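Asker: The structure that follows is given in the form of structure tokens.
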Amino acid sequence: MNMKSKIAIVDYGMGNLRSVVNAFTFVGARVKVTNNPKELAKAAGVVVPGQGAIRDCVANLHKLNLVKALREEVIQKHKPYLGICLGLQVLGDISFEGGEFECLGWIEGEVKLIKPKGLKVPHLGWNEVNILHSSPLFEGLSDKECFYFAHSYILWPNDKSVVVATTDYGEELPVAIHKKNVMAVQFHPEKSQGAGLKLIKNFINFVEKTAC
Amino acid sequence: MLKIRLIPVMLMRQGMLVRSVGFTTYRPAGNPLNAIQFFNQWDVDEIVFLDITPGKSRGVGRLDDNYERFESLVDYTKYISRHCFVPLTVGGGIATIANMRELFNAGADKVSLNTIIHSHPEVLQEASGMFGRQALVASIDVKKTRGNYEVVTGYGKKMTGMNPVSWAKEVQKLGAGEILLNSIDNDGKMQGYDLKLIQMVADEVDIPVIACGGVGNWQHLVDGVKKGHASAVAAANIFHFSEQATKKAKDYMFEAGLNVRKTGFMHW
Amino acid sequence: MTFDEQGVCSGCRVEEEKTKINWPERRKLLKEILAEYKAKAKGPYHCIIPVSGGKDSLFQTYLIKEVFGLNPLLVTFNHQFNTQRGIRNLANLVRKLEVDHIRFTPNPDLVRRLSAYSLEIMGDMFWHSHCGIYTWPVQIAVKYKIPLIVWGEQGFMDLGGMFSHYDMVEMTNKFRVEHGLRGYDAKDMVSKKHDISIEELSWAVYPSDEEIEEVNVRGIYIGNFLPWDHVKQTELMIKLYNFETAPHPRSFNLYENVEDFVSNGLNDYLRYLKFGYGRATDHAAYEIRRGRMTREQGIGMVKKYDHVYPNDIKIYARYSALTERKIIDLVEKMRDKRAWEKRQGKWCLKDPVWNHIDDEGTNAVRLPKTGRSKYILNPRRVKPEPNEYTLM
């Protein structure tokens, strides 16, 4: 089995790209940082990271002609997709962060401000993740493992069956989704030390399996 | 439930990590790369990396060791972030959006702002809209003058006449996601946090407060949470002094009943 | 090191702390710590003392065994650049203090290859010794399940002021890697060119975090519990145990590193080439701080000794099959340009300390001279030292 399928990490000018690249490189992936649709076409898997505001995220994706390219590679060609933070939120229909912004619509649902009673916003820090269903993402990871969160908004999928993990922060937040070849997490695996690196490794293994 | 966080603070002065006392006396403590590698091994939750070099060269150093030195904070960030898999906050004289973006691109996950918020508060607002408040830490240094707490800026040299609680509320309004609250008087004294100060601020703001300044033993960390109501506890000096220091601190906090994350030792 | 607004270095400031510390309290604390480990010892040994056979080894062992009544296990890493005087002192230590002792000698051929490699990449041919003395005793602590390791002086605290006496600093792997080994750990010394494999470096690998935690290894520095002064301490060791001392061409101090050729000799000269100052500067700093020398006298010592070309370079040249010229050339690229500059094709110190003998502000921080700098030569008729390294 070819252990070195190329993984494209999409650079659309948002957030902590370097941390994501560092983490993927550290666990042995062959990464290509790009916003070129031609490179996405050559990759075996796609990662969309992102930190910041959804408004700029969506605007940049459109400006760089990436919306069409991503749809082609992920939805039509079924390439494995991992979204991190904004990369999860952008999958919804619409986000209400700082206005109303239309997103990709691959996962039906709305992105809204979290409202944890009596707790501080943003949801910032380490929290335990409850694994609901088995998913290749959490292979080898135990229930209640801690991951790092840094967000004020979250995607609420209409179809609850795509939610594979939740976190308790005043209410139960849907923090990991998996629908066919599309996976996404609200937390930051690239900043979640051992557990996060394992999750990234799991995604890479999933890409390898799919590529064969 | 959100975990209480343990955060070592790495103070860099002219390319060298230092320990400080009262923001004035500095002693060399080592090299940022070595420190970040060991901290990542020893059960930390985040790392704060602050450049306190007042306009001097950062690239000075010996030529016979296995460490590289650079002139810019951005290059140091690139160098050390490769070995850091917990959130890394970088600060020290950051004044522009472009500077922040450079640091994020270099591997910083959050940036810490201090002086610029006083002189140009609109920069914080703009940064908040652009990067999100969760990526912005407002660093607040406090000194006691004539029995009253006062916010100080410029590495502890410039008095602002402001009360820390009102300033904390202001930075929250402007868009900071967290506050790094430092007691200059307690810094380096190893007598514990200024719990009154920490609690005063933590109880009045909605954003998390990271306590810093004065840790002398692990019980001080516990007090910072239980009595000071801090969401995270930080220290710049003590973690350089004993084997597996941060892990031992974490274990102590766990035994004291705090809701901390325990990962044991990392192996890379 | 750091310098404050008065121009005084961190090392001097840390020495000043000694006058303010409650030493009886610290001594009591040491007694308690030692008693604790004696009580919970699982086997016959209460602690480990890493020893080289030098003056500090003797003092530490005397303190732990004779004064505090523990039964230590002494361990020595044989760096192989030994003087016969050093071997005599080590044997004397073990015999007179009546202790059990383990000595580890790594493969001499490996040491030769390692020394050549470390000279090339760090300008230091003694890396294997720095590594061995910081690593192998810790391995023994883990193997024999003896948690307490008693180190002597925290050199970086006492000389450069890296730590304060208030930090109660303990030995850490973090310190070992960065300061003991300059960032080059065992895995970094694997080399195809010099034919060094990781398997040969088993003695150089620090135990894992889990192993350290399981045994709860703890390395304390005696320098935190009593006001360290190696001159006074060595005088006592000469008196009690006939510790042998000797003059050295590169310093006025008769006590330091008599057990190996290079620490005052070639290795210190290489350090001088890199940074512009040598052992004589360190020794003078100690004496000035302790009121036994004036700053002017100290500067005189620096001028006299720092630059002296090391005799023992000939021994190393034979050992390594490198010429003296080649040995010096390997360090050229590591000369710190802040200290050195070339004038008419010759390397010169840019701004040596003797240019600052009358600097403004020196009188404001001048320390009173309360004693005299003197060293006892023991025996008076120095036993001749053959010009070669003694393996055992």
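Ordering of the structure tokens sets the chain letters (A, B, ...); residue numbers start at 1 within each chain; ligands are numbered from 1 in the order shown.
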For the alpha helix (DSSP H) assignment from backbone DSSP, which residues of chain A qualify? Please present them as a short mmCIF file (atom, residue, chain, number, x, y, z; two decimals) with N, CA and C atoms, in the first residue's frame.

Answerer:
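Resulting contents of result-v5.cif:
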data_model
loop_
_atom_site.label_atom_id
_atom_site.label_comp_id
_atom_site.auth_asym_id
_atom_site.auth_seq_id
_atom_site.Cartn_x
_atom_site.Cartn_y
_atom_site.Cartn_z
N LEU A 17 -2.71 28.11 9.73
CA LEU A 17 -2.32 27.12 8.74
C LEU A 17 -1.04 26.40 9.14
N ARG A 18 -0.06 27.16 9.65
CA ARG A 18 1.24 26.57 9.96
C ARG A 18 1.13 25.46 11.00
N SER A 19 0.29 25.66 12.00
CA SER A 19 0.13 24.63 13.04
C SER A 19 -0.41 23.36 12.43
N VAL A 20 -1.35 23.50 11.52
CA VAL A 20 -1.95 22.32 10.89
C VAL A 20 -0.90 21.61 10.04
N VAL A 21 -0.14 22.38 9.28
CA VAL A 21 0.91 21.78 8.45
C VAL A 21 1.95 21.08 9.32
N ASN A 22 2.36 21.75 10.40
CA ASN A 22 3.33 21.16 11.34
C ASN A 22 2.85 19.80 11.83
N ALA A 23 1.59 19.75 12.23
CA ALA A 23 1.06 18.52 12.81
C ALA A 23 0.98 17.40 11.78
N PHE A 24 0.47 17.72 10.59
CA PHE A 24 0.37 16.70 9.56
C PHE A 24 1.75 16.20 9.15
N THR A 25 2.69 17.12 9.03
CA THR A 25 4.05 16.74 8.66
C THR A 25 4.67 15.87 9.74
N PHE A 26 4.42 16.24 10.98
CA PHE A 26 4.99 15.51 12.11
C PHE A 26 4.57 14.05 12.12
N PRO A 37 -6.98 24.92 -7.58
CA PRO A 37 -7.88 23.79 -7.87
C PRO A 37 -7.16 22.62 -8.57
N LYS A 38 -6.13 22.92 -9.34
CA LYS A 38 -5.41 21.84 -10.05
C LYS A 38 -4.70 20.94 -9.05
N GLU A 39 -4.16 21.56 -7.98
CA GLU A 39 -3.48 20.77 -6.95
C GLU A 39 -4.48 19.94 -6.16
N LEU A 40 -5.66 20.52 -5.93
CA LEU A 40 -6.69 19.76 -5.21
C LEU A 40 -7.06 18.52 -6.01
N ALA A 41 -7.06 18.69 -7.34
CA ALA A 41 -7.42 17.56 -8.20
C ALA A 41 -6.40 16.43 -8.08
N LYS A 42 -5.14 16.79 -7.80
CA LYS A 42 -4.08 15.77 -7.71
C LYS A 42 -4.04 15.10 -6.34
N ILE A 54 -16.48 33.65 9.90
CA ILE A 54 -17.05 32.92 8.75
C ILE A 54 -17.21 33.83 7.54
N ARG A 55 -17.43 35.10 7.79
CA ARG A 55 -17.64 36.05 6.69
C ARG A 55 -16.44 36.05 5.74
N ASP A 56 -15.25 36.18 6.34
CA ASP A 56 -14.04 36.20 5.52
C ASP A 56 -13.76 34.83 4.91
N CYS A 57 -14.07 33.79 5.68
CA CYS A 57 -13.84 32.42 5.21
C CYS A 57 -14.59 32.19 3.91
N VAL A 58 -15.89 32.45 3.94
CA VAL A 58 -16.72 32.22 2.76
C VAL A 58 -16.30 33.13 1.61
N ALA A 59 -16.06 34.40 1.93
CA ALA A 59 -15.66 35.35 0.89
C ALA A 59 -14.37 34.90 0.20
N ASN A 60 -13.39 34.47 1.00
CA ASN A 60 -12.11 34.04 0.43
C ASN A 60 -12.25 32.78 -0.42
N LEU A 61 -13.07 31.84 0.05
CA LEU A 61 -13.26 30.62 -0.73
C LEU A 61 -13.86 30.93 -2.11
N HIS A 62 -14.79 31.87 -2.11
CA HIS A 62 -15.40 32.25 -3.39
C HIS A 62 -14.40 32.98 -4.26
N LYS A 63 -13.67 33.92 -3.61
CA LYS A 63 -12.71 34.74 -4.38
C LYS A 63 -11.66 33.88 -5.07
N LEU A 66 -12.58 28.39 -5.00
CA LEU A 66 -12.39 27.10 -4.35
C LEU A 66 -13.71 26.38 -4.09
N VAL A 67 -14.80 27.12 -4.04
CA VAL A 67 -16.09 26.49 -3.72
C VAL A 67 -16.41 25.43 -4.77
N LYS A 68 -16.22 25.82 -6.03
CA LYS A 68 -16.51 24.88 -7.12
C LYS A 68 -15.55 23.70 -7.06
N ALA A 69 -14.26 24.01 -6.86
CA ALA A 69 -13.23 22.97 -6.85
C ALA A 69 -13.47 21.97 -5.72
N LEU A 70 -13.82 22.50 -4.55
CA LEU A 70 -14.06 21.61 -3.40
C LEU A 70 -15.27 20.72 -3.65
N LEU A 86 -13.43 26.32 11.53
CA LEU A 86 -14.22 26.96 10.46
C LEU A 86 -14.51 25.97 9.34
N GLY A 87 -13.57 25.04 9.18
CA GLY A 87 -13.71 24.01 8.14
C GLY A 87 -14.90 23.11 8.39
N LEU A 88 -15.42 23.11 9.63
CA LEU A 88 -16.66 22.39 9.96
C LEU A 88 -17.84 23.32 9.76
N GLN A 89 -17.72 24.52 10.32
CA GLN A 89 -18.84 25.46 10.26
C GLN A 89 -19.23 25.81 8.82
N GLN A 193 -2.26 17.95 21.23
CA GLN A 193 -1.17 17.05 21.64
C GLN A 193 -1.36 15.62 21.16
N GLY A 194 -1.18 14.65 22.06
CA GLY A 194 -1.20 13.24 21.66
C GLY A 194 -2.51 12.81 21.02
N ALA A 195 -3.63 13.17 21.66
CA ALA A 195 -4.94 12.76 21.14
C ALA A 195 -5.18 13.35 19.76
N GLY A 196 -4.82 14.61 19.61
CA GLY A 196 -5.03 15.29 18.33
C GLY A 196 -4.19 14.69 17.21
N LEU A 197 -2.93 14.41 17.53
CA LEU A 197 -2.05 13.83 16.52
C LEU A 197 -2.55 12.46 16.10
N LYS A 198 -3.14 11.74 17.05
CA LYS A 198 -3.69 10.41 16.73
C LYS A 198 -4.86 10.55 15.77
N LEU A 199 -5.71 11.54 16.04
CA LEU A 199 -6.87 11.75 15.18
C LEU A 199 -6.42 12.09 13.76
N ILE A 200 -5.39 12.94 13.68
CA ILE A 200 -4.86 13.32 12.36
C ILE A 200 -4.31 12.08 11.65
N LYS A 201 -3.59 11.26 12.40
CA LYS A 201 -3.06 10.01 11.85
C LYS A 201 -4.20 9.14 11.32
N ASN A 202 -5.30 9.10 12.10
CA ASN A 202 -6.45 8.31 11.68
C ASN A 202 -7.01 8.79 10.35
N PHE A 203 -7.07 10.11 10.19
CA PHE A 203 -7.59 10.66 8.94
C PHE A 203 -6.67 10.28 7.78
N ILE A 204 -5.37 10.37 8.03
CA ILE A 204 -4.41 10.02 6.98
C ILE A 204 -4.57 8.55 6.59
N ASN A 205 -4.74 7.69 7.59
CA ASN A 205 -4.97 6.27 7.29
C ASN A 205 -6.23 6.07 6.46
N PHE A 206 -7.26 6.85 6.77
CA PHE A 206 -8.51 6.77 6.03
C PHE A 206 -8.29 7.17 4.57
N VAL A 207 -7.48 8.19 4.39
CA VAL A 207 -7.16 8.65 3.03
C VAL A 207 -6.41 7.55 2.28
N GLU A 208 -5.45 6.92 2.96
CA GLU A 208 -4.68 5.83 2.35
C GLU A 208 -5.59 4.70 1.91
N LYS A 209 -6.52 4.32 2.81
CA LYS A 209 -7.42 3.19 2.51
C LYS A 209 -8.29 3.52 1.31
N THR A 210 -8.79 4.76 1.30
CA THR A 210 -9.69 5.16 0.22
C THR A 210 -8.94 5.24 -1.11
N ALA A 211 -7.65 5.63 -1.02
CA ALA A 211 -6.89 5.82 -2.25
C ALA A 211 -6.56 4.51 -2.95
#

Asker: Run DSSP on the backbone and give me the residues of region 1-206 of chain A it puts in strand (DSSP E or B), as a VMD selection string.

Answerer: chain A and resid 6 to 10 30 to 34 45 to 48 81 to 84 94 to 95 101 to 102 109 to 113 123 to 131 145 to 151 153 to 157 163 to 169 171 to 179 182 to 185

Asker: Using only C-alpha atoms, what does the table of chain B residues within 8 Å of chain A look like, with each row giving the shortest atom pair and its distance in Å to one decimal, sorted by chain and ascending number, as JSON lines?

Answerer:
{"residue": "B:Met1", "atom": "CA", "partner": "A:Asn127", "partner_atom": "CA", "distance": 5.9}
{"residue": "B:Leu2", "atom": "CA", "partner": "A:Asn127", "partner_atom": "CA", "distance": 4.7}
{"residue": "B:Lys3", "atom": "CA", "partner": "A:Trp126", "partner_atom": "CA", "distance": 5.4}
{"residue": "B:Ile4", "atom": "CA", "partner": "A:Trp126", "partner_atom": "CA", "distance": 7.9}
{"residue": "B:Arg5", "atom": "CA", "partner": "A:Gly125", "partner_atom": "CA", "distance": 7.3}
{"residue": "B:Asp45", "atom": "CA", "partner": "A:Trp126", "partner_atom": "CA", "distance": 7.9}
{"residue": "B:Ser81", "atom": "CA", "partner": "A:Ser19", "partner_atom": "CA", "distance": 7.3}
{"residue": "B:Arg82", "atom": "CA", "partner": "A:Asn22", "partner_atom": "CA", "distance": 5.6}
{"residue": "B:Cys84", "atom": "CA", "partner": "A:Lys191", "partner_atom": "CA", "distance": 7.9}
{"residue": "B:Phe85", "atom": "CA", "partner": "A:Lys191", "partner_atom": "CA", "distance": 4.8}
{"residue": "B:Val86", "atom": "CA", "partner": "A:Lys191", "partner_atom": "CA", "distance": 4.3}
{"residue": "B:Pro87", "atom": "CA", "partner": "A:Lys191", "partner_atom": "CA", "distance": 5.4}
{"residue": "B:Phe104", "atom": "CA", "partner": "A:Asn16", "partner_atom": "CA", "distance": 5.5}
{"residue": "B:Asn105", "atom": "CA", "partner": "A:Arg18", "partner_atom": "CA", "distance": 5.6}
{"residue": "B:Ala106", "atom": "CA", "partner": "A:Arg18", "partner_atom": "CA", "distance": 6.0}
{"residue": "B:Gly107", "atom": "CA", "partner": "A:Arg18", "partner_atom": "CA", "distance": 4.8}
{"residue": "B:Ala108", "atom": "CA", "partner": "A:Asn16", "partner_atom": "CA", "distance": 7.0}
{"residue": "B:Asp109", "atom": "CA", "partner": "A:Asn16", "partner_atom": "CA", "distance": 6.0}
{"residue": "B:Gly129", "atom": "CA", "partner": "A:Ala53", "partner_atom": "CA", "distance": 6.9}
{"residue": "B:Met130", "atom": "CA", "partner": "A:Gly52", "partner_atom": "CA", "distance": 6.2}
{"residue": "B:Phe131", "atom": "CA", "partner": "A:Gly52", "partner_atom": "CA", "distance": 4.1}
{"residue": "B:Gly132", "atom": "CA", "partner": "A:Gly52", "partner_atom": "CA", "distance": 4.4}
{"residue": "B:Arg133", "atom": "CA", "partner": "A:Pro122", "partner_atom": "CA", "distance": 7.7}
{"residue": "B:Gln134", "atom": "CA", "partner": "A:Ala150", "partner_atom": "CA", "distance": 5.7}
{"residue": "B:Ala135", "atom": "CA", "partner": "A:Ala150", "partner_atom": "CA", "distance": 7.9}
{"residue": "B:Gly177", "atom": "CA", "partner": "A:Pro122", "partner_atom": "CA", "distance": 6.8}
{"residue": "B:Asp206", "atom": "CA", "partner": "A:Lys120", "partner_atom": "CA", "distance": 5.3}
{"residue": "B:Ile207", "atom": "CA", "partner": "A:Lys120", "partner_atom": "CA", "distance": 5.7}
{"residue": "B:Pro208", "atom": "CA", "partner": "A:Lys120", "partner_atom": "CA", "distance": 7.0}
{"residue": "B:Arg261", "atom": "CA", "partner": "A:Cys146", "partner_atom": "CA", "distance": 7.1}
{"residue": "B:Met266", "atom": "CA", "partner": "A:Gly194", "partner_atom": "CA", "distance": 6.9}

Asker: Using C-alpha atoms, can you write the selected residues to a file as a short mmCIF file (atom, residue, chain, number, x, y, z; two decimals), in the first residue's frame?

Answerer:
data_model
loop_
_atom_site.label_atom_id
_atom_site.label_comp_id
_atom_site.auth_asym_id
_atom_site.auth_seq_id
_atom_site.Cartn_x
_atom_site.Cartn_y
_atom_site.Cartn_z
CA MET B 1 -16.59 20.33 31.56
CA LEU B 2 -13.89 22.78 30.57
CA LYS B 3 -10.58 21.93 32.16
CA ILE B 4 -8.44 24.23 34.25
CA ARG B 5 -5.30 24.96 32.25
CA ASP B 45 -1.98 22.61 28.35
CA SER B 81 6.20 26.03 16.83
CA ARG B 82 7.30 22.95 14.89
CA CYS B 84 4.61 22.55 19.91
CA PHE B 85 1.36 20.63 19.71
CA VAL B 86 -0.53 22.59 22.30
CA PRO B 87 -1.84 26.12 21.73
CA PHE B 104 -0.21 33.28 12.87
CA ASN B 105 1.40 32.19 9.64
CA ALA B 106 4.55 31.36 11.57
CA GLY B 107 2.71 28.97 13.90
CA ALA B 108 1.22 31.09 16.66
CA ASP B 109 -2.32 30.12 17.61
CA GLY B 129 -13.30 41.06 13.63
CA MET B 130 -10.60 39.59 11.44
CA PHE B 131 -9.14 36.74 13.49
CA GLY B 132 -11.85 36.10 16.03
CA ARG B 133 -11.63 36.93 19.72
CA GLN B 134 -10.50 33.43 20.63
CA ALA B 135 -7.14 34.21 19.02
CA GLY B 177 -10.91 36.56 24.11
CA ASP B 206 -17.03 37.10 31.10
CA ILE B 207 -13.83 36.06 29.36
CA PRO B 208 -11.29 33.64 30.90
CA ARG B 261 -6.51 17.39 32.05
CA MET B 266 4.36 12.60 25.75
#

Asker: Would you kindly return, as a VMD selection string, each protein, DNA or RNA residue with an atom no farther than 8 Å from any atom of Met301 (chain C), considering only C-alpha atoms and excluding same-chain residues fewer than 2 positions away?

Answerer: chain C and resid 251 to 252 280 to 281 284 297 to 299 303 to 306

Asker: Counting only C-alpha atoms, which residues from chain C have an atom at most 8 Å from any atom of chain B, and could you show them as a VMD selection string?

Answerer: chain C and resid 1 to 2 4 10 121 to 123 161 to 163 167 to 174 177 to 179 182 to 184 209 to 210 218 334 to 336

Asker: Using only N, CA and C atoms, please write the residues we just selected to a file, as a compact mmCIF listing (two decimals), in the first residue's frame.

Answerer:
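Wrote result-v9.txt, looks like this:
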# COMPACT_ATOMS: atom_id res chain seq x y z
N MET C 1 24.78 34.91 30.76
CA MET C 1 24.57 35.69 31.96
C MET C 1 23.97 37.05 31.62
N THR C 2 23.50 37.72 32.63
CA THR C 2 22.92 39.05 32.41
C THR C 2 23.68 40.06 33.26
N ASP C 4 23.35 43.95 35.14
CA ASP C 4 22.35 44.95 35.55
C ASP C 4 22.83 46.37 35.28
N SER C 10 25.06 38.70 36.81
CA SER C 10 24.12 37.88 37.58
C SER C 10 24.85 36.93 38.52
N ILE C 121 31.91 19.51 15.68
CA ILE C 121 30.64 20.25 15.65
C ILE C 121 30.44 21.24 16.77
N MET C 122 31.16 21.07 17.88
CA MET C 122 30.95 22.01 18.97
C MET C 122 32.22 22.69 19.45
N GLY C 123 33.36 22.32 18.90
CA GLY C 123 34.60 22.90 19.40
C GLY C 123 34.87 22.47 20.82
N GLY C 161 25.23 32.79 37.70
CA GLY C 161 23.99 33.35 38.23
C GLY C 161 22.76 32.99 37.44
N MET C 162 22.77 31.79 36.84
CA MET C 162 21.59 31.36 36.09
C MET C 162 20.41 31.12 37.02
N PHE C 163 20.72 30.59 38.16
CA PHE C 163 19.65 30.36 39.13
C PHE C 163 19.97 31.13 40.38
N ASP C 167 15.71 29.68 44.30
CA ASP C 167 14.98 28.78 43.41
C ASP C 167 15.02 27.34 43.89
N MET C 168 15.98 27.01 44.71
CA MET C 168 16.16 25.61 45.15
C MET C 168 16.14 24.69 43.93
N VAL C 169 16.94 25.06 42.95
CA VAL C 169 16.93 24.33 41.70
C VAL C 169 17.41 22.89 41.90
N GLU C 170 16.84 21.98 41.11
CA GLU C 170 17.25 20.59 41.15
C GLU C 170 17.70 20.18 39.75
N MET C 171 18.40 19.08 39.70
CA MET C 171 18.91 18.59 38.42
C MET C 171 17.75 18.14 37.53
N THR C 172 17.77 18.57 36.26
CA THR C 172 16.72 18.14 35.35
C THR C 172 17.32 17.73 34.02
N ASN C 173 16.58 16.90 33.29
CA ASN C 173 17.02 16.52 31.97
C ASN C 173 17.04 17.74 31.05
N LYS C 174 16.11 18.64 31.31
CA LYS C 174 16.05 19.88 30.52
C LYS C 174 17.36 20.65 30.63
N VAL C 177 20.32 18.64 28.85
CA VAL C 177 20.38 18.72 27.39
C VAL C 177 20.90 20.07 26.93
N GLU C 178 20.34 21.12 27.50
CA GLU C 178 20.72 22.42 26.98
C GLU C 178 22.08 22.89 27.47
N HIS C 179 22.31 22.75 28.76
CA HIS C 179 23.53 23.34 29.32
C HIS C 179 24.65 22.33 29.47
N ARG C 182 24.82 21.16 25.43
CA ARG C 182 24.69 22.16 24.37
C ARG C 182 23.66 21.77 23.32
N GLY C 183 22.61 21.09 23.75
CA GLY C 183 21.56 20.75 22.79
C GLY C 183 21.85 19.52 21.96
N TYR C 184 23.00 18.90 22.16
CA TYR C 184 23.31 17.68 21.42
C TYR C 184 23.12 16.50 22.35
N ASP C 209 10.98 9.33 30.94
CA ASP C 209 10.22 10.05 31.97
C ASP C 209 9.54 9.08 32.92
N GLU C 210 9.02 7.99 32.35
CA GLU C 210 8.32 7.02 33.20
C GLU C 210 9.26 6.38 34.22
N ARG C 218 15.50 12.14 42.17
CA ARG C 218 15.57 13.55 42.53
C ARG C 218 17.03 13.92 42.70
N MET C 334 33.88 29.04 15.07
CA MET C 334 33.01 29.27 16.22
C MET C 334 33.47 30.44 17.08
N ARG C 335 34.47 31.16 16.62
CA ARG C 335 34.93 32.33 17.37
C ARG C 335 33.81 33.36 17.38
N ASP C 336 33.46 33.81 18.56
CA ASP C 336 32.39 34.79 18.69
C ASP C 336 32.92 36.16 18.29

Asker: Got a sec: who's within 12 Å of Ala95 (chain B), counting only C-alpha atoms, leaving out chain neighbours fewer than 5 positions off, as a compact mmCIF listing (two decimals) with N, CA and C atoms, in the first residue's frame?

Answerer:
# COMPACT_ATOMS: atom_id res chain seq x y z
N MET B 100 0.43 40.56 13.32
CA MET B 100 -0.33 39.43 13.88
C MET B 100 -0.45 38.33 12.84
N ARG B 101 -0.77 38.74 11.63
CA ARG B 101 -0.96 37.73 10.57
C ARG B 101 0.35 36.98 10.34
N GLU B 102 1.46 37.70 10.35
CA GLU B 102 2.77 37.07 10.17
C GLU B 102 3.01 36.01 11.24
N LEU B 103 2.65 36.35 12.48
CA LEU B 103 2.86 35.41 13.59
C LEU B 103 1.95 34.20 13.47
N VAL B 111 -2.33 35.54 19.77
CA VAL B 111 -1.34 36.59 20.01
C VAL B 111 -1.72 37.34 21.28
N SER B 112 -0.69 37.81 21.97
CA SER B 112 -0.91 38.55 23.20
C SER B 112 -0.61 40.02 22.93
N LEU B 113 -1.55 40.88 23.29
CA LEU B 113 -1.38 42.32 23.06
C LEU B 113 -1.39 43.07 24.37
N ASN B 114 -0.58 44.09 24.47
CA ASN B 114 -0.55 44.86 25.71
C ASN B 114 -0.57 46.35 25.41
N THR B 115 0.60 46.92 25.14
CA THR B 115 0.73 48.36 24.96
C THR B 115 -0.18 48.90 23.87
N ILE B 116 -0.30 48.18 22.78
CA ILE B 116 -1.06 48.68 21.63
C ILE B 116 -2.53 48.92 21.95
N ILE B 117 -3.06 48.14 22.91
CA ILE B 117 -4.48 48.32 23.23
C ILE B 117 -4.69 49.68 23.89
N HIS B 118 -3.66 50.12 24.62
CA HIS B 118 -3.77 51.43 25.27
C HIS B 118 -3.66 52.56 24.25
N SER B 119 -2.68 52.42 23.36
CA SER B 119 -2.43 53.53 22.43
C SER B 119 -3.38 53.53 21.24
N HIS B 120 -3.74 52.33 20.76
CA HIS B 120 -4.62 52.25 19.58
C HIS B 120 -5.65 51.14 19.77
N PRO B 121 -6.64 51.39 20.59
CA PRO B 121 -7.64 50.34 20.87
C PRO B 121 -8.35 49.83 19.62
N GLU B 122 -8.40 50.64 18.58
CA GLU B 122 -9.11 50.19 17.37
C GLU B 122 -8.40 49.00 16.72
N VAL B 123 -7.11 48.86 16.99
CA VAL B 123 -6.37 47.71 16.43
C VAL B 123 -6.94 46.41 17.00
N LEU B 124 -7.24 46.41 18.28
CA LEU B 124 -7.81 45.21 18.90
C LEU B 124 -9.18 44.90 18.31
N GLU B 126 -10.29 45.72 15.36
CA GLU B 126 -10.13 45.23 13.98
C GLU B 126 -9.64 43.79 13.98
N ALA B 127 -8.68 43.51 14.87
CA ALA B 127 -8.13 42.16 14.94
C ALA B 127 -9.21 41.16 15.35

Asker: Counting only C-alpha atoms, which residue out of A:Pro116, A:Pro174, A:Pro80, A:Pro157 sits closest to Ile94 (chain A)?

Answerer: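 Comparing A:Pro116, A:Pro174, A:Pro80, A:Pro157 against Ile94 (chain A), the winner is A:Pro157.
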
Asker: So that I can check the surroundings of region 178-184 of chain B, please list as a list in words every protein, DNA and RNA residue that reaches within 7 Å of it, counting only C-alpha atoms and ignoring chain neighbours fewer than 5 positions away.

Answerer: Gly22, Phe23, Leu136, Val137, Ala138, Ser139, Ile140, Asp141, Val142, Lys143, Asp194, Ile207, Pro208, Val209, Ile210, Ala211, Cys212 and Gly213 of chain B

Asker: Can you write just those residues out, C-alpha atoms, as a compact mmCIF listing (two decimals), in the first residue's frame?

Answerer:
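See selection-v5.txt below for the written result:
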# COMPACT_ATOMS: atom_id res chain seq x y z
CA GLY B 22 9.45 42.49 39.56
CA PHE B 23 9.89 42.94 35.81
CA LEU B 136 -6.52 37.36 21.03
CA VAL B 137 -5.14 37.59 24.56
CA ALA B 138 -5.02 40.93 26.34
CA SER B 139 -2.02 41.06 28.64
CA ILE B 140 -2.61 43.25 31.68
CA ASP B 141 0.27 44.07 34.06
CA VAL B 142 -0.66 45.50 37.43
CA LYS B 143 1.30 47.27 40.16
CA ASP B 194 -2.00 38.25 44.23
CA ILE B 207 -13.83 36.06 29.36
CA PRO B 208 -11.29 33.64 30.90
CA VAL B 209 -8.53 35.04 33.11
CA ILE B 210 -5.06 33.49 33.21
CA ALA B 211 -3.32 34.20 36.53
CA CYS B 212 0.38 34.97 36.47
CA GLY B 213 3.09 36.28 38.78

Asker: Quick one: residues within 9 Å of Tyr316 (chain C), only C-alpha atoms counted, chain neighbours fewer than 6 positions away excluded, as a list in words?

Answerer: Val262, Leu266, Leu322, Glu324, Ile327, Glu388 and Tyr389 of chain C

Asker: Would you mind listing what lies within 8 Å of region 362-371 of chain C as a ChimeraX atom specification, with only C-alpha atoms counted and same-chain residues fewer than 5 positions away left out?

Answerer: /C:6,8,288-289,291-295

Asker: Separation of CA of Pro227 (chain C) and CA of Thr19 (chain C), in Å?

Answerer: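 The value is 8.7 Å.
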